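Asks: One file: work-v1.cif (mmCIF, C-alpha atoms and all ligand atoms).
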```cif
data_model
loop_
_atom_site.label_atom_id
_atom_site.label_comp_id
_atom_site.auth_asym_id
_atom_site.auth_seq_id
_atom_site.Cartn_x
_atom_site.Cartn_y
_atom_site.Cartn_z
CA GLU A 1 34.44 -5.44 15.57
CA ALA A 2 33.62 -3.89 12.17
CA ALA A 3 33.34 -7.41 10.75
CA GLN A 4 30.96 -8.44 13.53
CA LYS A 5 28.74 -5.50 12.66
CA ASN A 6 28.41 -6.96 9.20
CA GLY A 7 28.74 -3.63 7.40
CA PHE A 8 26.34 -1.78 9.72
CA ASP A 9 27.51 1.24 11.76
CA THR A 10 26.16 -0.18 15.00
CA TYR A 11 25.05 -3.46 16.52
CA MET A 12 21.60 -2.04 17.10
CA LEU A 13 21.05 -1.34 13.40
CA LYS A 14 22.50 -4.73 12.48
CA GLU A 15 20.16 -6.44 14.92
CA ILE A 16 17.14 -4.48 13.68
CA ASN A 17 17.97 -5.69 10.17
CA GLU A 18 18.33 -9.29 11.30
CA GLN A 19 14.71 -9.48 12.39
CA PRO A 20 13.20 -11.03 9.25
CA HIS A 21 15.74 -13.83 9.47
CA VAL A 22 15.55 -14.50 13.22
CA ILE A 23 11.74 -14.42 13.20
CA GLN A 24 11.91 -17.02 10.45
CA GLU A 25 14.29 -19.08 12.60
CA THR A 26 12.00 -18.83 15.63
CA LEU A 27 9.08 -20.08 13.51
CA ARG A 28 11.06 -22.86 11.88
CA GLY A 29 9.43 -26.25 12.37
CA ARG A 30 6.79 -24.81 14.70
CA ILE A 31 3.76 -24.76 12.40
CA PHE A 32 2.80 -27.99 10.71
CA GLU A 33 -0.49 -28.64 8.92
CA HIS A 34 -2.53 -26.12 10.92
CA SER A 35 -1.12 -27.12 14.27
CA ILE A 36 1.63 -25.76 16.47
CA VAL A 37 4.54 -28.02 17.30
CA LEU A 38 6.13 -27.29 20.69
CA ASP A 39 7.55 -30.60 21.88
CA GLU A 40 9.16 -28.85 24.86
CA LEU A 41 5.65 -28.59 26.33
CA LYS A 42 4.27 -31.99 25.42
CA ASP A 43 4.26 -33.27 29.01
CA VAL A 44 2.28 -30.35 30.43
CA ASP A 45 -1.39 -30.88 31.24
CA PHE A 46 -2.74 -27.45 30.30
CA ASN A 47 -6.24 -28.30 31.47
CA LYS A 48 -5.25 -28.20 35.13
CA PHE A 49 -4.54 -24.47 35.27
CA ASN A 50 -6.97 -21.87 36.54
CA LYS A 51 -4.61 -18.91 36.20
CA VAL A 52 -1.52 -17.86 34.25
CA TYR A 53 1.21 -15.37 35.16
CA TYR A 54 3.72 -13.80 32.79
CA VAL A 55 6.74 -12.48 34.68
CA ALA A 56 9.67 -10.51 33.23
CA CYS A 57 11.60 -7.22 33.31
CA GLY A 58 12.15 -4.40 30.82
CA THR A 59 11.52 -5.18 27.19
CA ALA A 60 10.75 -8.82 28.00
CA TYR A 61 7.93 -7.57 30.25
CA HIS A 62 6.41 -5.75 27.28
CA ALA A 63 6.59 -8.95 25.24
CA GLY A 64 4.93 -10.70 28.19
CA LEU A 65 2.05 -8.20 28.13
CA CYS A 66 1.39 -9.07 24.48
CA GLY A 67 1.69 -12.81 25.04
CA ALA A 68 -0.67 -12.57 28.00
CA SER A 69 -3.28 -10.71 26.03
CA ILE A 70 -3.15 -13.26 23.19
CA LEU A 71 -3.39 -16.19 25.61
CA GLU A 72 -6.27 -14.67 27.54
CA ARG A 73 -8.25 -14.04 24.37
CA ALA A 74 -7.56 -17.53 23.05
CA THR A 75 -8.30 -19.46 26.25
CA ARG A 76 -10.47 -17.14 28.38
CA LEU A 77 -8.24 -18.12 31.30
CA PRO A 78 -7.46 -15.28 33.71
CA VAL A 79 -3.96 -14.10 32.82
CA LEU A 80 -1.81 -11.63 34.75
CA THR A 81 1.47 -10.00 33.77
CA GLN A 82 3.87 -8.70 36.40
CA VAL A 83 7.27 -7.14 36.51
CA ALA A 84 9.54 -9.68 38.25
CA SER A 85 10.72 -7.26 40.96
CA GLU A 86 7.07 -6.76 41.97
CA PHE A 87 5.91 -10.37 41.63
CA ARG A 88 8.53 -11.72 44.01
CA TYR A 89 7.72 -9.23 46.78
CA ASN A 90 3.94 -9.20 46.32
CA ASP A 91 3.20 -12.56 47.92
CA PRO A 92 1.45 -13.68 44.72
CA ILE A 93 -1.53 -16.03 44.98
CA ILE A 94 -0.02 -18.99 43.16
CA ASP A 95 -0.14 -22.76 43.57
CA GLU A 96 -0.03 -25.99 41.58
CA LYS A 97 -2.93 -24.77 39.46
CA THR A 98 -0.92 -21.75 38.29
CA LEU A 99 1.13 -21.67 35.13
CA CYS A 100 3.99 -19.16 35.28
CA ILE A 101 5.80 -18.08 32.11
CA PHE A 102 9.12 -16.26 32.58
CA VAL A 103 10.49 -14.21 29.69
CA SER A 104 14.16 -13.20 29.66
CA GLN A 105 16.50 -12.58 26.76
CA SER A 106 19.66 -13.26 28.78
CA GLY A 107 18.17 -15.83 31.11
CA GLU A 108 20.22 -14.23 33.90
CA THR A 109 18.16 -11.29 35.20
CA ALA A 110 18.29 -11.50 39.01
CA ASP A 111 14.69 -10.46 39.69
CA THR A 112 13.28 -12.81 37.05
CA LEU A 113 15.37 -15.67 38.39
CA ALA A 114 14.22 -15.03 41.96
CA ALA A 115 10.59 -14.89 40.80
CA LEU A 116 11.06 -18.20 38.99
CA LYS A 117 12.51 -19.84 42.10
CA LEU A 118 9.54 -18.61 44.12
CA ALA A 119 7.09 -20.07 41.58
CA ASN A 120 8.92 -23.40 41.64
CA GLU A 121 8.77 -23.45 45.46
CA LYS A 122 5.04 -22.79 45.40
CA GLY A 123 4.41 -25.78 43.16
CA CYS A 124 3.54 -23.87 39.98
CA THR A 125 4.34 -25.18 36.53
CA THR A 126 7.12 -22.96 35.19
CA ILE A 127 8.05 -22.26 31.58
CA ALA A 128 11.02 -20.11 30.53
CA VAL A 129 11.23 -18.23 27.25
CA THR A 130 14.83 -17.19 26.78
CA ASN A 131 17.44 -16.54 24.13
CA VAL A 132 20.52 -17.99 25.78
CA LEU A 133 21.13 -21.71 25.72
CA GLY A 134 22.04 -23.10 29.13
CA SER A 135 21.35 -19.80 30.93
CA THR A 136 20.45 -19.97 34.63
CA ILE A 137 16.76 -19.31 33.99
CA SER A 138 16.68 -22.02 31.31
CA ARG A 139 18.09 -24.49 33.83
CA GLU A 140 15.81 -23.52 36.73
CA ALA A 141 12.55 -23.63 34.77
CA GLN A 142 10.70 -26.91 34.42
CA HIS A 143 10.26 -26.29 30.67
CA THR A 144 12.31 -24.02 28.43
CA LEU A 145 11.71 -22.66 24.94
CA TYR A 146 14.31 -20.67 23.06
CA THR A 147 13.91 -17.66 20.85
CA CYS A 148 16.31 -17.98 17.94
CA ALA A 149 17.46 -14.36 17.89
CA GLY A 150 21.16 -15.21 18.06
CA PRO A 151 23.51 -13.13 20.22
CA GLU A 152 22.11 -9.67 20.95
CA ILE A 153 24.98 -7.25 21.61
CA ALA A 154 23.32 -3.82 21.62
CA VAL A 155 22.04 -2.99 25.09
CA ALA A 156 18.64 -1.95 23.76
CA SER A 157 16.75 -5.09 22.84
CA THR A 158 15.28 -5.33 19.34
CA LYS A 159 15.45 -8.75 17.72
CA ALA A 160 15.10 -10.54 21.06
CA TYR A 161 11.82 -8.65 21.62
CA THR A 162 10.21 -9.47 18.28
CA THR A 163 11.25 -13.13 18.51
CA GLN A 164 9.77 -13.23 22.03
CA LEU A 165 6.51 -11.88 20.61
CA VAL A 166 6.50 -14.60 17.97
CA LEU A 167 7.33 -17.43 20.37
CA LEU A 168 4.78 -16.21 22.94
CA THR A 169 2.14 -16.16 20.21
CA LEU A 170 3.00 -19.75 19.29
CA ILE A 171 2.82 -20.76 22.96
CA ALA A 172 -0.59 -19.08 23.39
CA LEU A 173 -2.01 -20.87 20.35
CA TYR A 174 -0.49 -24.17 21.47
CA ILE A 175 -2.02 -23.88 24.94
CA ALA A 176 -5.40 -22.94 23.48
CA ASP A 177 -5.29 -25.99 21.22
CA LYS A 178 -4.33 -28.32 24.08
CA ARG A 179 -7.22 -26.96 26.16
CA GLY A 180 -9.64 -27.65 23.34
CA ASP A 181 -10.23 -24.02 22.39
CA THR A 182 -10.72 -23.09 18.77
CA VAL A 183 -7.48 -21.89 17.28
CA ASP A 184 -7.45 -19.28 14.57
CA THR A 185 -5.83 -21.06 11.62
CA ASP A 186 -5.69 -17.82 9.70
CA LEU A 187 -3.50 -16.38 12.45
CA MET A 188 -1.19 -19.39 12.15
CA GLU A 189 -0.80 -18.85 8.43
CA GLN A 190 -0.12 -15.17 8.88
CA LEU A 191 2.65 -15.91 11.39
CA ASN A 192 4.56 -17.48 8.51
CA ASN A 193 4.29 -14.24 6.54
CA LEU A 194 5.78 -12.08 9.28
CA PRO A 195 9.38 -12.16 8.01
CA GLU A 196 8.27 -10.74 4.68
CA TYR A 197 6.20 -7.96 6.28
CA VAL A 198 9.00 -7.07 8.67
CA SER A 199 11.44 -6.91 5.80
CA LYS A 200 9.19 -4.46 3.90
CA LEU A 201 8.95 -2.25 6.98
CA ILE A 202 12.73 -2.13 7.28
CA ASP A 203 12.82 -0.99 3.64
CA ASP A 204 10.90 2.11 4.76
CA GLU A 205 13.69 3.14 7.14
CA ALA A 206 14.06 6.57 5.47
CA ILE A 207 10.46 7.44 6.44
CA PHE A 208 11.13 6.59 10.10
CA GLU A 209 14.43 8.47 10.02
CA ASN A 210 12.44 11.47 8.88
CA TYR A 211 10.06 11.08 11.83
CA ALA A 212 13.13 10.98 14.09
CA LYS A 213 14.10 14.47 12.86
CA THR A 214 10.93 15.79 14.52
CA LEU A 215 12.26 14.51 17.84
CA LYS A 216 15.84 15.68 17.77
CA ASP A 217 15.28 18.96 19.64
CA LYS A 218 12.49 17.76 21.88
CA HIS A 219 12.76 17.01 25.56
CA ASP A 220 9.59 14.94 25.76
CA CYS A 221 7.58 12.56 23.65
CA TYR A 222 4.31 10.87 24.54
CA PHE A 223 3.20 7.54 23.18
CA ILE A 224 -0.43 6.45 23.24
CA GLY A 225 -2.30 3.27 22.41
CA ARG A 226 -5.04 0.97 23.65
CA SER A 227 -5.29 -2.77 24.15
CA LEU A 228 -2.33 -4.60 22.54
CA ASP A 229 -1.11 -1.28 21.18
CA TYR A 230 -0.50 -0.16 24.75
CA ALA A 231 2.19 -2.82 25.16
CA SER A 232 3.67 -1.66 21.84
CA VAL A 233 3.83 1.96 22.94
CA LEU A 234 5.36 1.02 26.29
CA GLU A 235 8.15 -0.65 24.35
CA GLY A 236 8.40 2.25 21.86
CA ALA A 237 8.79 4.74 24.72
CA LEU A 238 11.34 2.55 26.50
CA LYS A 239 13.40 2.23 23.31
CA LEU A 240 13.37 5.98 22.72
CA LYS A 241 14.44 6.88 26.26
CA GLU A 242 17.07 4.11 26.44
CA VAL A 243 19.01 5.16 23.36
CA SER A 244 18.22 8.83 22.71
CA TYR A 245 17.58 10.10 26.27
CA VAL A 246 14.43 11.88 25.11
CA HIS A 247 12.00 11.69 28.01
CA ALA A 248 9.28 9.38 26.77
CA ASP A 249 6.14 8.13 28.46
CA ALA A 250 3.49 5.75 27.24
CA TYR A 251 -0.15 6.17 28.16
CA ILE A 252 -3.31 4.22 27.57
CA ALA A 253 -5.06 6.52 25.11
CA GLY A 254 -8.28 6.44 27.13
CA GLU A 255 -6.41 7.77 30.15
CA LEU A 256 -5.22 10.94 28.37
CA LYS A 257 -8.22 12.88 29.63
CA HIS A 258 -7.42 11.89 33.23
CA GLY A 259 -4.14 13.78 33.37
CA PRO A 260 -1.62 13.43 30.55
CA ILE A 261 -3.53 15.79 28.24
CA ALA A 262 -2.42 18.58 30.58
CA LEU A 263 1.11 18.03 29.25
CA ILE A 264 0.21 18.69 25.63
CA GLU A 265 1.22 22.11 24.30
CA PRO A 266 2.08 23.43 20.84
CA GLY A 267 4.96 21.35 19.45
CA THR A 268 4.62 18.36 21.80
CA VAL A 269 5.27 15.15 19.88
CA VAL A 270 2.70 12.38 20.27
CA ILE A 271 3.33 9.00 18.71
CA ALA A 272 0.10 7.06 18.47
CA VAL A 273 -0.46 3.42 17.59
CA ALA A 274 -3.96 2.38 16.48
CA THR A 275 -3.85 -1.07 14.95
CA GLN A 276 -6.56 -2.84 16.95
CA PRO A 277 -9.82 -2.57 15.03
CA HIS A 278 -12.14 -2.61 18.07
CA VAL A 279 -10.49 0.49 19.58
CA ALA A 280 -8.63 2.21 16.70
CA ALA A 281 -11.34 4.83 16.14
CA LYS A 282 -11.30 5.69 19.86
CA THR A 283 -7.53 6.21 19.83
CA ILE A 284 -7.80 8.34 16.69
CA SER A 285 -10.36 10.55 18.40
CA ASN A 286 -7.93 10.92 21.35
CA ILE A 287 -5.25 11.97 18.85
CA GLN A 288 -7.52 14.70 17.54
CA GLU A 289 -7.84 16.03 21.08
CA THR A 290 -4.05 16.36 21.24
CA ILE A 291 -3.88 17.98 17.78
CA ALA A 292 -6.46 20.55 18.93
CA ARG A 293 -3.93 21.50 21.64
CA GLY A 294 -1.03 21.85 19.20
CA ALA A 295 0.55 18.36 19.30
CA GLU A 296 2.63 17.12 16.38
CA VAL A 297 1.32 13.61 15.85
CA ILE A 298 2.84 10.59 14.16
CA LEU A 299 0.22 7.88 13.75
CA PHE A 300 0.71 4.20 13.03
CA THR A 301 -2.47 2.52 11.93
CA VAL A 302 -3.51 -0.13 9.42
CA GLU A 303 -4.45 0.12 5.77
CA GLY A 304 -8.17 0.78 5.41
CA GLN A 305 -8.56 2.57 8.76
CA GLU A 306 -10.45 5.84 8.38
CA VAL A 307 -8.46 8.81 9.65
CA SER A 308 -8.93 12.52 9.26
CA GLY A 309 -6.94 15.52 10.36
CA VAL A 310 -3.64 13.74 11.06
CA GLU A 311 -0.63 14.86 9.01
CA ASN A 312 1.90 12.07 9.53
CA ILE A 313 0.29 8.68 9.07
CA TYR A 314 2.07 5.43 8.39
CA TYR A 315 -0.18 2.58 7.27
CA LEU A 316 0.86 -0.90 8.39
CA PRO A 317 -0.36 -3.88 6.36
CA ASN A 318 -3.78 -5.04 7.47
CA ILE A 319 -2.85 -8.43 8.91
CA ASN A 320 -4.31 -10.19 11.95
CA PRO A 321 -4.46 -7.60 14.78
CA LEU A 322 -2.78 -10.01 17.22
CA LEU A 323 0.38 -9.84 15.10
CA GLN A 324 0.54 -6.06 14.78
CA SER A 325 2.85 -5.72 17.81
CA VAL A 326 5.59 -7.42 15.78
CA LEU A 327 5.10 -5.03 12.86
CA VAL A 328 4.87 -1.73 14.71
CA ALA A 329 7.96 -2.63 16.75
CA ILE A 330 10.09 -2.04 13.66
CA PRO A 331 9.25 1.65 13.01
CA LEU A 332 9.38 2.40 16.73
CA GLN A 333 12.86 0.84 16.96
CA LEU A 334 14.02 2.81 13.93
CA ILE A 335 12.62 6.08 15.27
CA ALA A 336 14.51 5.55 18.55
CA TYR A 337 17.65 4.52 16.69
CA HIS A 338 17.72 7.51 14.36
CA THR A 339 16.83 9.99 17.07
CA ALA A 340 19.85 8.72 19.02
CA CYS A 341 22.09 8.91 15.95
CA ILE A 342 21.00 12.46 15.09
CA LYS A 343 21.77 13.45 18.69
CA GLY A 344 25.18 11.75 18.58
CA CYS A 345 24.39 9.22 21.32
CA ASP A 346 26.26 5.96 21.74
CA VAL A 347 23.35 3.76 20.65
CA ASP A 348 24.94 0.43 21.42
CA LYS A 349 26.01 1.36 24.94
CA PRO A 350 23.61 3.88 26.43
CA ARG A 351 24.69 5.53 29.64
CA ASN A 352 23.83 3.81 32.94
CA LEU A 353 22.38 0.69 31.32
CA ALA A 354 23.57 -2.91 31.27
CA LYS A 355 22.64 -5.67 28.87
CA SER A 356 21.95 -8.09 31.66
CA VAL A 357 21.09 -7.04 35.20
CA THR A 358 22.29 -9.68 37.62
CA VAL A 359 21.92 -7.52 40.72
CA GLU A 360 18.65 -6.79 42.48
C1 LIG A 401 18.15 -4.91 31.00
C2 LIG A 401 18.32 -4.67 29.50
C3 LIG A 401 16.95 -4.66 28.82
C4 LIG A 401 16.19 -5.94 29.15
C5 LIG A 401 16.08 -6.18 30.66
C6 LIG A 401 15.59 -7.58 30.95
O1 LIG A 401 17.56 -3.80 31.59
O2 LIG A 401 18.99 -3.46 29.26
O3 LIG A 401 17.11 -4.55 27.42
O4 LIG A 401 14.92 -5.89 28.59
O5 LIG A 401 17.37 -6.08 31.26
O6 LIG A 401 16.57 -8.48 30.50
P1 LIG A 401 16.30 -9.97 30.15
O7 LIG A 401 17.65 -10.53 29.76
O8 LIG A 401 15.77 -10.64 31.40
O9 LIG A 401 15.31 -10.04 29.05
#
```
Mind turning the file's structure into structure tokens?
Replies:
Amino acid sequence: EAAQKNGFDTYMLKEINEQPHVIQETLRGRIFEHSIVLDELKDVDFNKFNKVYYVACGTAYHAGLCGASILERATRLPVLTQVASEFRYNDPIIDEKTLCIFVSQSGETADTLAALKLANEKGCTTIAVTNVLGSTISREAQHTLYTCAGPEIAVASTKAYTTQLVLLTLIALYIADKRGDTVDTDLMEQLNNLPEYVSKLIDDEAIFENYAKTLKDKHDCYFIGRSLDYASVLEGALKLKEVSYVHADAYIAGELKHGPIALIEPGTVVIAVATQPHVAAKTISNIQETIARGAEVILFTVEGQEVSGVENIYYLPNINPLLQSVLVAIPLQLIAYHTACIKGCDVDKPRNLAKSVTVE
């Protein structure tokens, strides 16, 4: 087992460190002369759709939220994201003009599989994004694309999530191109630089370990963000609760004033993500409201963003905002990881959780 961990103490830390490489693998051969190559989808007529659904569970659902937002912006098609256990029981309005994209690391999650079968029955076009070759979901979907994360052993998903984000971004750009929408070539180029940026973030592990020390004696932690950053904080909060058992909730920063701000008292930890330029200043002003009530804030924003009155700020590189979810995932994973380690938790096998949930 020690050999399989490749010198790391845990699978989770090993898998976090593999991200530059597996992101590179997921991108390999996909971008060629300013166009996206996804031969798995070459037979799909993307012009026939009037609606798109992303369906998934857990971490894959958070990746779906990001993919959906990128696709909606690129195509202006109405895009919805639903948790699989809701989708299948909600009598969704879907037909042959609906494209349904199912995201699942294992390709075996019962609710996602059932949702996929429903979409197939209703005549939708179905695409699976999965990490496991030959998995049930890969076989049931009409079209399948694989993330190249390699086997993910730790229960808490890390490298599968970031590779899902990358593949979903490629899919969104591919669909936009096929529908005749203008595709941001700058974004395509920046995708290729992701492994390098991710690697630099992992080099800053000691900073994130230090942030984790703030959390070790806390019972609660609140995450806030807007727009794409909301999906990132949902995943950050999930990671923290999964491995460290610190109660963590994620809120849309604009919703703080409608309830969650009542929870803030001196010493409450708030982790804020503000990487989206059109709303970053709004989130930062929400942070100041929490600081005024005694919160200890850790802020992730981008280089060049104006901030005042926040003590702990980590500046992410100022790359295309649509790619920031991949970057901020790394510090949030490392904060969760180190909080769990400091507390002596079994990070690779958290209590009550399974890697793949094949029951309903
Ligand atoms: C379980 C795992 C999560 C995962 C979720 C969905 O709850 O513990 O890490 O995100 O299932 O799994 P899937 O294999 O469908 O992505």
Asks: One number please: CA of Glu306 (chain A) to CA of Ala253 (chain A), in Å, one decimal.
Replies: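 These atoms are spaced 17.6 Å apart.
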Asks: With ligand LIG 401 (chain A) as the partner and 9 Å as the cut-off, tabulate the residues of chain A that qualify, each row holding the nearest pair of atoms and their distance in Å to one decimal, using all atoms listed in the file, sorted by chain and rising number, as JSON lines.
Replies:
```
{"residue": "A:Ala56", "atom": "CA", "partner": "A:LIG401", "partner_atom": "O8", "distance": 6.4}
{"residue": "A:Cys57", "atom": "CA", "partner": "A:LIG401", "partner_atom": "C6", "distance": 4.6}
{"residue": "A:Gly58", "atom": "CA", "partner": "A:LIG401", "partner_atom": "O4", "distance": 3.9}
{"residue": "A:Thr59", "atom": "CA", "partner": "A:LIG401", "partner_atom": "O4", "distance": 3.7}
{"residue": "A:Ala60", "atom": "CA", "partner": "A:LIG401", "partner_atom": "O9", "distance": 4.8}
{"residue": "A:Tyr61", "atom": "CA", "partner": "A:LIG401", "partner_atom": "O4", "distance": 7.4}
{"residue": "A:His62", "atom": "CA", "partner": "A:LIG401", "partner_atom": "O4", "distance": 8.6}
{"residue": "A:Phe102", "atom": "CA", "partner": "A:LIG401", "partner_atom": "O8", "distance": 8.8}
{"residue": "A:Val103", "atom": "CA", "partner": "A:LIG401", "partner_atom": "O9", "distance": 6.4}
{"residue": "A:Ser104", "atom": "CA", "partner": "A:LIG401", "partner_atom": "O9", "distance": 3.4}
{"residue": "A:Gln105", "atom": "CA", "partner": "A:LIG401", "partner_atom": "O9", "distance": 3.6}
{"residue": "A:Ser106", "atom": "CA", "partner": "A:LIG401", "partner_atom": "O7", "distance": 3.5}
{"residue": "A:Gly107", "atom": "CA", "partner": "A:LIG401", "partner_atom": "O7", "distance": 5.5}
{"residue": "A:Glu108", "atom": "CA", "partner": "A:LIG401", "partner_atom": "O7", "distance": 6.1}
{"residue": "A:Thr109", "atom": "CA", "partner": "A:LIG401", "partner_atom": "O8", "distance": 4.5}
{"residue": "A:Ala110", "atom": "CA", "partner": "A:LIG401", "partner_atom": "O8", "distance": 8.1}
{"residue": "A:Asp111", "atom": "CA", "partner": "A:LIG401", "partner_atom": "O8", "distance": 8.4}
{"residue": "A:Thr112", "atom": "CA", "partner": "A:LIG401", "partner_atom": "O8", "distance": 6.5}
{"residue": "A:Leu113", "atom": "CA", "partner": "A:LIG401", "partner_atom": "O8", "distance": 8.6}
{"residue": "A:Thr130", "atom": "CA", "partner": "A:LIG401", "partner_atom": "O9", "distance": 7.5}
{"residue": "A:Asn131", "atom": "CA", "partner": "A:LIG401", "partner_atom": "O7", "distance": 8.2}
{"residue": "A:Val132", "atom": "CA", "partner": "A:LIG401", "partner_atom": "O7", "distance": 8.9}
{"residue": "A:Ala154", "atom": "CA", "partner": "A:LIG401", "partner_atom": "O3", "distance": 8.5}
{"residue": "A:Val155", "atom": "CA", "partner": "A:LIG401", "partner_atom": "O2", "distance": 5.2}
{"residue": "A:Ala156", "atom": "CA", "partner": "A:LIG401", "partner_atom": "O3", "distance": 4.7}
{"residue": "A:Ser157", "atom": "CA", "partner": "A:LIG401", "partner_atom": "O3", "distance": 4.6}
{"residue": "A:Thr158", "atom": "CA", "partner": "A:LIG401", "partner_atom": "O3", "distance": 8.3}
{"residue": "A:Ala160", "atom": "CA", "partner": "A:LIG401", "partner_atom": "O9", "distance": 8.0}
{"residue": "A:Tyr161", "atom": "CA", "partner": "A:LIG401", "partner_atom": "O4", "distance": 8.1}
{"residue": "A:Lys239", "atom": "CA", "partner": "A:LIG401", "partner_atom": "O3", "distance": 8.8}
{"residue": "A:Glu242", "atom": "CA", "partner": "A:LIG401", "partner_atom": "O2", "distance": 8.3}
{"residue": "A:Leu353", "atom": "CA", "partner": "A:LIG401", "partner_atom": "O2", "distance": 5.7}
{"residue": "A:Ala354", "atom": "CA", "partner": "A:LIG401", "partner_atom": "O2", "distance": 5.0}
{"residue": "A:Lys355", "atom": "CA", "partner": "A:LIG401", "partner_atom": "O2", "distance": 4.3}
{"residue": "A:Ser356", "atom": "CA", "partner": "A:LIG401", "partner_atom": "C1", "distance": 5.0}
{"residue": "A:Val357", "atom": "CA", "partner": "A:LIG401", "partner_atom": "O5", "distance": 5.5}
{"residue": "A:Thr358", "atom": "CA", "partner": "A:LIG401", "partner_atom": "O5", "distance": 8.8}
```
Asks: Report as an mmCIF file with C-alpha atoms, in the coordinates of the input all protein, DNA and RNA residues lying within 12 Å of Pro260 (chain A), evaluated on all atoms listed in the file, omitting residues in the same chain fewer than 2 positions from it.
Replies:
```
data_model
loop_
_atom_site.group_PDB
_atom_site.id
_atom_site.type_symbol
_atom_site.label_atom_id
_atom_site.label_comp_id
_atom_site.auth_asym_id
_atom_site.auth_seq_id
_atom_site.Cartn_x
_atom_site.Cartn_y
_atom_site.Cartn_z
ATOM 1 C CA CYS A 221 7.580 12.560 23.650
ATOM 2 C CA TYR A 222 4.310 10.870 24.540
ATOM 3 C CA PHE A 223 3.200 7.540 23.180
ATOM 4 C CA ILE A 224 -0.430 6.450 23.240
ATOM 5 C CA ASP A 249 6.140 8.130 28.460
ATOM 6 C CA ALA A 250 3.490 5.750 27.240
ATOM 7 C CA TYR A 251 -0.150 6.170 28.160
ATOM 8 C CA ILE A 252 -3.310 4.220 27.570
ATOM 9 C CA ALA A 253 -5.060 6.520 25.110
ATOM 10 C CA GLY A 254 -8.280 6.440 27.130
ATOM 11 C CA GLU A 255 -6.410 7.770 30.150
ATOM 12 C CA LEU A 256 -5.220 10.940 28.370
ATOM 13 C CA LYS A 257 -8.220 12.880 29.630
ATOM 14 C CA HIS A 258 -7.420 11.890 33.230
ATOM 15 C CA ALA A 262 -2.420 18.580 30.580
ATOM 16 C CA LEU A 263 1.110 18.030 29.250
ATOM 17 C CA ILE A 264 0.210 18.690 25.630
ATOM 18 C CA GLU A 265 1.220 22.110 24.300
ATOM 19 C CA THR A 268 4.620 18.360 21.800
ATOM 20 C CA VAL A 270 2.700 12.380 20.270
ATOM 21 C CA ASN A 286 -7.930 10.920 21.350
ATOM 22 C CA GLU A 289 -7.840 16.030 21.080
ATOM 23 C CA THR A 290 -4.050 16.360 21.240
#
```
Asks: How far is it from CA of Leu145 (chain A) to CA of Asp229 (chain A), in Å with one decimal?
Replies: 25.2 Å
Asks: How many Å separate CA of Ile287 (chain A) from CA of Ile342 (chain A)?
Replies: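 So the two atoms, CA of Ile287 (chain A) and CA of Ile342 (chain A), lie 26.5 Å apart.
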Asks: Could you check which of A:Tyr174, A:Tyr337, A:Tyr211, A:Tyr197 is closest to Ile313 (chain A), using only C-alpha atoms?
Replies: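 Comparing A:Tyr174, A:Tyr337, A:Tyr211, A:Tyr197 against Ile313 (chain A), the winner is A:Tyr211.
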Asks: Would you pick out the contacts of Phe300 (chain A) at 7 Å or less, using all atoms listed in the file, so that residues sharing its chain but fewer than 2 positions from it are not included, and give the list as a ChimeraX atom specification?
Replies: /A:272-274,298,313-316
Asks: Given the choices A:Leu194, A:Ile93, A:Cys341, A:Leu41, which gets closest to Asn320 (chain A) if the distance is worked out from only C-alpha atoms?
Replies: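 Using only C-alpha atoms, Asn320 (chain A) sits closest to A:Leu194.
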Asks: Find the spatial neighbours of Tyr54 (chain A), counting only C-alpha atoms, within a cut-off of 10 Å - ignore same-chain residues fewer than 3 positions away - and output them as a short mmCIF file (atom, residue, chain, number, x, y, z; two decimals) with C-alpha atoms, in the frame of the given file.
Replies:
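Written out: result_26.cif:
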```cif
data_model
loop_
_atom_site.label_atom_id
_atom_site.label_comp_id
_atom_site.auth_asym_id
_atom_site.auth_seq_id
_atom_site.Cartn_x
_atom_site.Cartn_y
_atom_site.Cartn_z
CA ALA A 60 10.75 -8.82 28.00
CA TYR A 61 7.93 -7.57 30.25
CA ALA A 63 6.59 -8.95 25.24
CA GLY A 64 4.93 -10.70 28.19
CA LEU A 65 2.05 -8.20 28.13
CA CYS A 66 1.39 -9.07 24.48
CA GLY A 67 1.69 -12.81 25.04
CA ALA A 68 -0.67 -12.57 28.00
CA VAL A 79 -3.96 -14.10 32.82
CA LEU A 80 -1.81 -11.63 34.75
CA THR A 81 1.47 -10.00 33.77
CA GLN A 82 3.87 -8.70 36.40
CA VAL A 83 7.27 -7.14 36.51
CA ALA A 84 9.54 -9.68 38.25
CA PHE A 87 5.91 -10.37 41.63
CA LEU A 99 1.13 -21.67 35.13
CA CYS A 100 3.99 -19.16 35.28
CA ILE A 101 5.80 -18.08 32.11
CA PHE A 102 9.12 -16.26 32.58
CA VAL A 103 10.49 -14.21 29.69
CA ILE A 127 8.05 -22.26 31.58
CA ALA A 128 11.02 -20.11 30.53
#
```
Asks: So that I can check the surroundings of region 12-24 of chain A, please list as a PyMOL selection string every protein, DNA and RNA residue that reaches within 8 Å of it, counting only C-alpha atoms and ignoring chain neighbours fewer than 2 positions away.
Replies: chain A and resi 5-6+8-10+26-28+148-150+152-154+156+158-159+162-163+166+192+194-196+198-199+202+330+333-334+337+347-348
